[in-house]
Amino acid sequence: QVQLVESGGGLVQAGGSLRLSCAASVSIFSMHMGWYRQAPGKQRELVATIFNSGITNYVDSVKGRFTISRDNAKNTVYLQMNTLKPEDTAVYYCNASPMGSGMSHWGKGTLVTVSS
């Protein structure tokens, strides 16, 4: 069982920064990792992914502002969020997908609130 624990959320003013962390209970070396978010009344959307190769992808709305990274030695994935906007307000979820397994694991989420 893969357990994912997100941290780092909170209240920040527009233009500010936050760094989210996702700590896994197992090695993430062979996992594709991602951050998703769900705003009130909206569907969960993909924010950023980082493959085990290190290749990253971002949704257009966060390109140039957010950076996903991973530290396999610490079994942790990060999301550095800069120049935050009120529309970034959401619960942010960490996702782990072991390569070739077809499985997907989720954390419980961390709330990010950006005030205008």
# chains A, B, ... in the order shown; residues from 1 in each chain; ligands from 1
>>> residues_around(residues="region 47-51 of chain A", least_positions_apart="6", cutoff="6 Å", atoms="only C-alpha atoms", output="JSON, numbers by chain")
{"A": [32, 33, 34, 35, 36, 57, 58, 59]}
>>> select_by_dssp(residues="chain A", states="helix (DSSP H, G or I)", output="PyMOL selection string")
chain A and resi 60-62+72-74+86-88
>>> write_last_selection(atoms="C-alpha atoms", output="compact mmCIF listing (two decimals), in the first residue's frame")
# COMPACT_ATOMS: atom_id res chain seq x y z
CA ASP A 60 -0.82 25.81 -19.48
CA SER A 61 -2.22 27.95 -16.66
CA VAL A 62 0.79 27.27 -14.39
CA ASN A 72 14.05 9.91 -4.99
CA ALA A 73 16.41 9.53 -2.03
CA LYS A 74 13.80 11.13 0.21
CA PRO A 86 -6.60 33.67 -6.60
CA GLU A 87 -7.59 31.16 -9.28
CA ASP A 88 -4.90 28.81 -7.94
>>> residues_around(residues="Leu84 (chain A)", least_positions_apart="4", cutoff="7 Å", atoms="only C-alpha atoms", output="ChimeraX atom specification")
/A:14-17,88,114
>>> atom_distance(atom1="CA of Glu6 (chain A)", atom2="CA of Ala24 (chain A)")
9.0 Å
>>> atom_distance(atom1="CA of Gly8 (chain A)", atom2="CA of Thr110 (chain A)")
7.2 Å
>>> residues_around(residues="Leu18 (chain A)", least_positions_apart="2", cutoff="9 Å", atoms="only C-alpha atoms", output="MDAnalysis selection string")
chainID A and resid 8:10 12 16 20 79:82 84 112
>>> write_last_selection(atoms="N, CA and C atoms", output="compact mmCIF listing (two decimals), in the first residue's frame")
# COMPACT_ATOMS: atom_id res chain seq x y z
N GLY A 8 2.42 21.67 3.27
CA GLY A 8 2.90 22.94 2.73
C GLY A 8 1.82 23.90 2.28
N GLY A 9 0.57 23.45 2.31
CA GLY A 9 -0.51 24.34 1.92
C GLY A 9 -0.73 25.43 2.96
N GLY A 10 -1.57 26.39 2.60
CA GLY A 10 -1.88 27.48 3.52
C GLY A 10 -2.48 28.65 2.82
N VAL A 12 -2.07 32.45 1.40
CA VAL A 12 -1.03 33.35 0.90
C VAL A 12 -1.69 34.43 0.07
N GLY A 16 2.34 35.78 -4.03
CA GLY A 16 3.22 35.07 -3.11
C GLY A 16 3.60 33.69 -3.61
N LEU A 20 4.82 23.00 -1.91
CA LEU A 20 4.14 21.80 -1.44
C LEU A 20 5.10 20.62 -1.47
N LEU A 79 6.23 20.73 -5.23
CA LEU A 79 5.64 21.65 -6.19
C LEU A 79 5.92 23.06 -5.68
N GLN A 80 6.84 23.73 -6.34
CA GLN A 80 7.13 25.12 -6.02
C GLN A 80 6.18 26.00 -6.79
N MET A 81 5.41 26.80 -6.08
CA MET A 81 4.40 27.64 -6.71
C MET A 81 4.75 29.10 -6.46
N ASN A 82 5.02 29.81 -7.53
CA ASN A 82 5.36 31.23 -7.45
C ASN A 82 4.28 32.06 -8.14
N LEU A 84 1.53 33.32 -7.22
CA LEU A 84 0.22 32.69 -7.05
C LEU A 84 -0.90 33.67 -7.34
N VAL A 112 -4.72 25.05 -0.54
CA VAL A 112 -4.02 26.29 -0.87
C VAL A 112 -5.07 27.36 -1.12
